[in-house]
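Structure file final_23.cif (mmCIF, N, CA and C atoms) follows.
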data_entry
loop_
_atom_site.label_atom_id
_atom_site.label_comp_id
_atom_site.auth_asym_id
_atom_site.auth_seq_id
_atom_site.Cartn_x
_atom_site.Cartn_y
_atom_site.Cartn_z
N MET Z 1 0.81 -1.18 0.00
CA MET Z 1 0.00 0.00 0.00
C MET Z 1 0.86 1.25 0.00
N ALA Z 2 1.94 1.25 0.77
CA ALA Z 2 2.82 2.41 0.84
C ALA Z 2 3.54 2.62 -0.48
N ALA Z 3 3.87 1.52 -1.17
CA ALA Z 3 4.54 1.66 -2.45
C ALA Z 3 3.63 2.31 -3.47
N THR Z 4 2.35 2.00 -3.43
CA THR Z 4 1.39 2.60 -4.36
C THR Z 4 1.23 4.09 -4.08
N ALA Z 5 1.14 4.46 -2.82
CA ALA Z 5 1.01 5.87 -2.45
C ALA Z 5 2.26 6.64 -2.86
N ASN Z 6 3.43 6.02 -2.71
CA ASN Z 6 4.67 6.65 -3.10
C ASN Z 6 4.72 6.84 -4.61
N ALA Z 7 4.25 5.86 -5.37
CA ALA Z 7 4.24 5.96 -6.82
C ALA Z 7 3.30 7.07 -7.27
N VAL Z 8 2.16 7.20 -6.63
CA VAL Z 8 1.22 8.27 -6.97
C VAL Z 8 1.83 9.62 -6.65
N ASN Z 9 2.54 9.73 -5.52
CA ASN Z 9 3.18 10.97 -5.13
C ASN Z 9 4.25 11.37 -6.14
N ILE Z 10 5.05 10.41 -6.60
CA ILE Z 10 6.08 10.68 -7.60
C ILE Z 10 5.43 11.10 -8.91
N THR Z 11 4.35 10.45 -9.29
CA THR Z 11 3.65 10.80 -10.52
C THR Z 11 3.08 12.21 -10.42
N ASN Z 12 2.48 12.56 -9.28
CA ASN Z 12 1.93 13.90 -9.11
C ASN Z 12 3.03 14.95 -9.19
N ARG Z 13 4.18 14.68 -8.62
CA ARG Z 13 5.29 15.62 -8.70
C ARG Z 13 5.80 15.76 -10.13
N ALA Z 14 5.85 14.67 -10.86
CA ALA Z 14 6.30 14.73 -12.25
C ALA Z 14 5.32 15.54 -13.09
N VAL Z 15 4.03 15.34 -12.85
CA VAL Z 15 3.02 16.10 -13.60
C VAL Z 15 3.10 17.58 -13.25
N SER Z 16 3.24 17.90 -11.98
CA SER Z 16 3.33 19.31 -11.60
C SER Z 16 4.61 19.95 -12.15
N ARG Z 17 5.72 19.21 -12.18
CA ARG Z 17 6.95 19.73 -12.78
C ARG Z 17 6.75 20.04 -14.24
N THR Z 18 6.07 19.14 -14.95
CA THR Z 18 5.82 19.35 -16.37
C THR Z 18 4.91 20.55 -16.59
N ILE Z 19 3.90 20.70 -15.77
CA ILE Z 19 2.99 21.84 -15.90
C ILE Z 19 3.73 23.15 -15.65
N PHE Z 20 4.51 23.21 -14.59
CA PHE Z 20 5.27 24.43 -14.30
C PHE Z 20 6.30 24.72 -15.39
N ARG Z 21 6.90 23.69 -15.94
CA ARG Z 21 7.87 23.89 -17.01
C ARG Z 21 7.20 24.51 -18.23
N TRP Z 22 6.02 24.00 -18.60
CA TRP Z 22 5.32 24.54 -19.77
C TRP Z 22 4.78 25.95 -19.51
N ILE Z 23 4.32 26.21 -18.29
CA ILE Z 23 3.91 27.58 -17.95
C ILE Z 23 5.10 28.52 -18.10
N HIS Z 24 6.25 28.09 -17.64
CA HIS Z 24 7.46 28.91 -17.73
C HIS Z 24 7.84 29.18 -19.19
N ILE Z 25 7.76 28.16 -20.01
CA ILE Z 25 8.11 28.33 -21.43
C ILE Z 25 7.11 29.23 -22.14
N VAL Z 26 5.81 28.97 -21.94
CA VAL Z 26 4.78 29.73 -22.66
C VAL Z 26 4.78 31.20 -22.24
N PHE Z 27 4.95 31.47 -20.95
CA PHE Z 27 4.95 32.85 -20.49
C PHE Z 27 6.27 33.57 -20.78
N GLY Z 28 7.28 32.84 -21.21
CA GLY Z 28 8.54 33.47 -21.61
C GLY Z 28 8.52 33.94 -23.05
N ILE Z 29 7.64 33.39 -23.87
CA ILE Z 29 7.58 33.76 -25.29
C ILE Z 29 7.21 35.24 -25.48
N PRO Z 30 6.21 35.78 -24.81
CA PRO Z 30 5.92 37.21 -25.00
C PRO Z 30 7.06 38.13 -24.56
N ILE Z 31 7.86 37.69 -23.61
CA ILE Z 31 9.00 38.51 -23.19
C ILE Z 31 10.03 38.57 -24.31
N LEU Z 32 10.21 37.47 -25.03
CA LEU Z 32 11.11 37.51 -26.19
C LEU Z 32 10.59 38.48 -27.24
N GLY Z 33 9.27 38.47 -27.46
CA GLY Z 33 8.69 39.44 -28.40
C GLY Z 33 8.88 40.86 -27.92
N TYR Z 34 8.77 41.08 -26.64
CA TYR Z 34 8.96 42.41 -26.07
C TYR Z 34 10.40 42.89 -26.26
N ILE Z 35 11.36 41.98 -26.13
CA ILE Z 35 12.76 42.36 -26.26
C ILE Z 35 13.14 42.57 -27.72
N TYR Z 36 12.71 41.68 -28.61
CA TYR Z 36 13.18 41.72 -29.99
C TYR Z 36 12.25 42.45 -30.95
N ASP Z 37 11.13 42.94 -30.50
CA ASP Z 37 10.23 43.70 -31.37
C ASP Z 37 10.77 45.12 -31.54
N SER Z 38 10.23 45.80 -32.53
CA SER Z 38 10.67 47.17 -32.75
C SER Z 38 10.22 48.05 -31.58
N PRO Z 39 11.02 49.04 -31.21
CA PRO Z 39 10.67 49.87 -30.05
C PRO Z 39 9.36 50.64 -30.21
N SER Z 40 8.93 50.89 -31.43
CA SER Z 40 7.67 51.62 -31.61
C SER Z 40 6.45 50.76 -31.28
N ASP Z 41 6.59 49.43 -31.30
CA ASP Z 41 5.46 48.53 -31.01
C ASP Z 41 5.44 48.01 -29.57
N THR Z 42 6.52 48.17 -28.84
CA THR Z 42 6.58 47.56 -27.51
C THR Z 42 5.64 48.20 -26.51
N HIS Z 43 5.28 49.47 -26.71
CA HIS Z 43 4.39 50.12 -25.75
C HIS Z 43 2.99 49.53 -25.79
N ASN Z 44 2.64 48.82 -26.87
CA ASN Z 44 1.30 48.23 -26.98
C ASN Z 44 1.07 47.12 -25.96
N TYR Z 45 2.09 46.37 -25.67
CA TYR Z 45 1.92 45.25 -24.73
C TYR Z 45 2.93 45.29 -23.59
N ALA Z 46 3.46 46.47 -23.29
CA ALA Z 46 4.41 46.60 -22.18
C ALA Z 46 3.75 46.32 -20.84
N PHE Z 47 2.51 46.78 -20.64
CA PHE Z 47 1.82 46.57 -19.38
C PHE Z 47 1.63 45.09 -19.09
N SER Z 48 1.17 44.33 -20.10
CA SER Z 48 0.92 42.90 -19.87
C SER Z 48 2.22 42.14 -19.62
N VAL Z 49 3.29 42.55 -20.29
CA VAL Z 49 4.57 41.88 -20.06
C VAL Z 49 5.07 42.19 -18.65
N ARG Z 50 4.97 43.43 -18.23
CA ARG Z 50 5.50 43.82 -16.93
C ARG Z 50 4.70 43.25 -15.77
N TYR Z 51 3.38 43.24 -15.89
CA TYR Z 51 2.55 42.91 -14.74
C TYR Z 51 1.85 41.56 -14.81
N VAL Z 52 1.99 40.84 -15.92
CA VAL Z 52 1.39 39.51 -16.02
C VAL Z 52 2.46 38.47 -16.33
N PHE Z 53 3.10 38.61 -17.48
CA PHE Z 53 4.01 37.57 -17.96
C PHE Z 53 5.28 37.47 -17.12
N LEU Z 54 5.89 38.58 -16.79
CA LEU Z 54 7.14 38.54 -16.01
C LEU Z 54 6.92 37.99 -14.60
N PRO Z 55 5.88 38.44 -13.85
CA PRO Z 55 5.68 37.83 -12.52
C PRO Z 55 5.39 36.33 -12.57
N VAL Z 56 4.59 35.90 -13.55
CA VAL Z 56 4.31 34.46 -13.66
C VAL Z 56 5.58 33.70 -14.01
N LEU Z 57 6.39 34.28 -14.89
CA LEU Z 57 7.66 33.65 -15.25
C LEU Z 57 8.59 33.55 -14.04
N LEU Z 58 8.67 34.61 -13.26
CA LEU Z 58 9.52 34.59 -12.07
C LEU Z 58 9.02 33.60 -11.03
N LEU Z 59 7.71 33.59 -10.76
CA LEU Z 59 7.17 32.68 -9.75
C LEU Z 59 7.30 31.22 -10.17
N SER Z 60 7.06 30.93 -11.44
CA SER Z 60 7.20 29.53 -11.88
C SER Z 60 8.66 29.10 -11.85
N GLY Z 61 9.57 30.00 -12.18
CA GLY Z 61 10.99 29.67 -12.11
C GLY Z 61 11.45 29.44 -10.68
N LEU Z 62 11.00 30.30 -9.77
CA LEU Z 62 11.34 30.10 -8.36
C LEU Z 62 10.75 28.82 -7.81
N TRP Z 63 9.53 28.51 -8.23
CA TRP Z 63 8.91 27.26 -7.76
C TRP Z 63 9.67 26.05 -8.26
N MET Z 64 10.11 26.08 -9.53
CA MET Z 64 10.87 24.95 -10.04
C MET Z 64 12.24 24.85 -9.37
N TRP Z 65 12.80 25.99 -8.97
CA TRP Z 65 14.13 25.99 -8.38
C TRP Z 65 14.08 25.63 -6.90
N LYS Z 66 13.22 26.29 -6.13
CA LYS Z 66 13.19 26.12 -4.68
C LYS Z 66 11.85 25.63 -4.15
N GLY Z 67 11.04 25.04 -4.99
CA GLY Z 67 9.73 24.57 -4.55
C GLY Z 67 9.81 23.46 -3.53
N HIS Z 68 10.85 22.63 -3.61
CA HIS Z 68 10.98 21.55 -2.65
C HIS Z 68 11.16 22.08 -1.22
N LEU Z 69 11.85 23.21 -1.08
CA LEU Z 69 12.01 23.79 0.26
C LEU Z 69 10.70 24.36 0.77
N LEU Z 70 9.93 24.97 -0.10
CA LEU Z 70 8.64 25.52 0.31
C LEU Z 70 7.67 24.41 0.70
N ARG Z 71 7.68 23.31 -0.07
CA ARG Z 71 6.83 22.17 0.29
C ARG Z 71 7.22 21.60 1.65
N ARG Z 72 8.52 21.50 1.90
CA ARG Z 72 8.98 20.99 3.19
C ARG Z 72 8.58 21.92 4.32
N LEU Z 73 8.70 23.23 4.11
CA LEU Z 73 8.32 24.20 5.13
C LEU Z 73 6.83 24.14 5.42
N VAL Z 74 6.01 24.02 4.38
CA VAL Z 74 4.57 23.95 4.56
C VAL Z 74 4.18 22.66 5.27
N SER Z 75 4.81 21.56 4.93
CA SER Z 75 4.46 20.29 5.58
C SER Z 75 4.88 20.29 7.05
N GLN Z 76 6.00 20.93 7.38
CA GLN Z 76 6.41 21.03 8.78
C GLN Z 76 5.43 21.89 9.57
N ARG Z 77 4.96 22.97 8.97
CA ARG Z 77 4.00 23.83 9.66
C ARG Z 77 2.66 23.14 9.83
N SER Z 78 2.25 22.34 8.86
CA SER Z 78 0.97 21.65 9.00
C SER Z 78 1.05 20.59 10.09
N HIS Z 79 2.23 19.95 10.24
CA HIS Z 79 2.39 18.96 11.31
C HIS Z 79 2.42 19.64 12.68
N SER Z 80 3.07 20.80 12.76
CA SER Z 80 3.15 21.49 14.05
C SER Z 80 1.85 22.21 14.38
N ALA Z 81 1.00 22.48 13.40
CA ALA Z 81 -0.26 23.17 13.65
C ALA Z 81 -1.33 22.23 14.19
N GLN Z 82 -1.12 20.93 14.07
CA GLN Z 82 -2.10 19.99 14.59
C GLN Z 82 -2.07 20.06 16.11
N PRO Z 83 -3.24 20.14 16.72
CA PRO Z 83 -3.26 20.31 18.18
C PRO Z 83 -2.77 19.06 18.89
N ASN Z 84 -1.90 19.28 19.87
CA ASN Z 84 -1.44 18.19 20.72
C ASN Z 84 -2.26 18.23 22.00
N PRO Z 85 -2.69 17.09 22.48
CA PRO Z 85 -3.46 17.12 23.72
C PRO Z 85 -2.61 17.62 24.87
N SER Z 86 -3.18 18.46 25.68
CA SER Z 86 -2.44 19.01 26.81
C SER Z 86 -2.26 17.93 27.88
N LEU Z 87 -1.43 18.25 28.84
CA LEU Z 87 -1.15 17.28 29.90
C LEU Z 87 -2.40 16.97 30.72
N SER Z 88 -3.24 17.98 30.95
CA SER Z 88 -4.45 17.72 31.74
C SER Z 88 -5.42 16.82 30.97
N GLN Z 89 -5.47 16.97 29.64
CA GLN Z 89 -6.34 16.09 28.85
C GLN Z 89 -5.81 14.67 28.87
N LYS Z 90 -4.50 14.51 28.85
CA LYS Z 90 -3.93 13.16 28.92
C LYS Z 90 -4.25 12.52 30.26
N ALA Z 91 -4.18 13.30 31.32
CA ALA Z 91 -4.48 12.77 32.65
C ALA Z 91 -5.94 12.37 32.75
N LYS Z 92 -6.82 13.12 32.12
CA LYS Z 92 -8.24 12.77 32.13
C LYS Z 92 -8.51 11.48 31.37
N ASN Z 93 -7.70 11.23 30.34
CA ASN Z 93 -7.89 10.02 29.53
C ASN Z 93 -7.22 8.80 30.14
N GLY Z 94 -6.63 8.95 31.33
CA GLY Z 94 -6.01 7.81 31.97
C GLY Z 94 -4.54 7.66 31.67
N GLN Z 95 -3.97 8.54 30.89
CA GLN Z 95 -2.56 8.49 30.60
C GLN Z 95 -1.83 9.28 31.68
N PRO Z 96 -0.63 8.87 32.07
CA PRO Z 96 0.09 9.62 33.09
C PRO Z 96 0.51 10.98 32.57
N ALA Z 97 0.27 12.00 33.36
CA ALA Z 97 0.66 13.36 33.00
C ALA Z 97 2.07 13.60 33.49
N LEU Z 98 3.02 13.71 32.58
CA LEU Z 98 4.41 13.91 32.92
C LEU Z 98 4.71 15.39 32.90
N ASP Z 99 5.43 15.84 33.89
CA ASP Z 99 5.83 17.23 33.85
C ASP Z 99 7.23 17.31 33.27
N PHE Z 100 7.74 18.54 33.14
CA PHE Z 100 9.02 18.77 32.51
C PHE Z 100 10.17 18.11 33.27
N MET Z 101 10.16 18.18 34.56
CA MET Z 101 11.26 17.67 35.36
C MET Z 101 11.34 16.14 35.34
N SER Z 102 10.24 15.47 35.22
CA SER Z 102 10.27 14.02 35.23
C SER Z 102 10.80 13.44 33.93
N SER Z 103 10.82 14.25 32.88
CA SER Z 103 11.33 13.74 31.60
C SER Z 103 12.83 13.88 31.49
N LEU Z 104 13.47 14.54 32.47
CA LEU Z 104 14.93 14.74 32.42
C LEU Z 104 15.67 13.57 32.92
#

Show me the file's structure as structure tokens.
Amino acid sequence: MAATANAVNITNRAVSRTIFRWIHIVFGIPILGYIYDSPSDTHNYAFSVRYVFLPVLLLSGLWMWKGHLLRRLVSQRSHSAQPNPSLSQKAKNGQPALDFMSSL
């Protein structure tokens, strides 16, 4: 069962890598047009290149480069955000409530 879940996880990562790669390529094409087009025509689509295509290109590139660190950070925060039962709740449930000094 764990091997199947791992295979699905690897497949999902491969699909997301491919999607981000194609987003990066497609959103980079208008920037090439902006750079190599004649200067008299660049003002027509300068706004979309500056405020749509370039930010998407930068974010997709950063995600492909350092996305693994962001995923690790988010997963650590989600694990730490899960509530841990307090010591008094453990004592109510019949589990021994250990204080700080007894664990030393």

Could I get the residues of region 12-56 of chain Z with an atom no further than 10 Å from an atom of region 61-74 of chain Z, each paired with its nearest atom pair and that distance in Å to one decimal, using only C-alpha atoms, sorted by chain and residue number, as CSV?
residue,atom,partner,partner_atom,distance
Z:Ser16,CA,Z:Met64,CA,9.5
Z:Arg17,CA,Z:Met64,CA,7.1
Z:Thr18,CA,Z:Met64,CA,9.8
Z:Phe20,CA,Z:Met64,CA,7.1
Z:Arg21,CA,Z:Met64,CA,7.7
Z:Ile23,CA,Z:Gly61,CA,9.4
Z:His24,CA,Z:Gly61,CA,6.7
Z:Ile25,CA,Z:Gly61,CA,9.8
Z:Pro55,CA,Z:Gly61,CA,9.7
Z:Val56,CA,Z:Gly61,CA,8.4

Grab all the atoms of region 20-31 of chain Z that the file lists, wrap them in a box along x, y and z, add 5 Å per side, and give me centre plus edge lengths in Å (one decimal) as AutoDock Vina command-line options.
--center_x 7.0 --center_y 30.9 --center_z -19.9 --size_x 16.1 --size_y 25.4 --size_z 21.2

| task | Please indicate the distance in Å from CA of Pro39 (chain Z) to CA of Phe53 (chain Z), rounded to one decimal place. | result |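 Rounded to one decimal, the two atoms are 18.5 Å apart.
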
| Backbone-only DSSP, alpha helix (DSSP H) members of region 13-92 of chain Z, as number ranges by chain | Z: 13-36, 46-48, 54-81, 87-92

| query | So how many Å separate CA of Ile29 (chain Z) and atom N of Arg13 (chain Z), to one decimal? | reply |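 Result for CA of Ile29 (chain Z) versus atom N of Arg13 (chain Z): 25.6 Å, one decimal.
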
| message | Using only C-alpha atoms, can you tell me which of Z:Ala14, Z:Ile19, Z:Leu54, Z:Ala7 comes closest to Leu32 (chain Z)? | response |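 Ranking Z:Ala14, Z:Ile19, Z:Leu54, Z:Ala7 by distance to Leu32 (chain Z), first place goes to Z:Leu54.
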
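Nearest residue to Val49 (chain Z) among Z:Tyr36, Z:Ile31, Z:Ile10, Z:Ser78 is Z:Ile31, counting all atoms listed in the file.
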
| When you draw a straight line from CA of Phe27 (chain Z) to CA of Ser40 (chain Z), how long is it in Å? |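 Taking CA of Phe27 (chain Z) and CA of Ser40 (chain Z), their separation equals 22.0 Å.
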
| Out of Z:Ile35, Z:Val15, Z:Val26, Z:Ala5, which residue has the shortest atom-to-atom distance to Leu57 (chain Z) when counting all atoms listed in the file? | Z:Val26
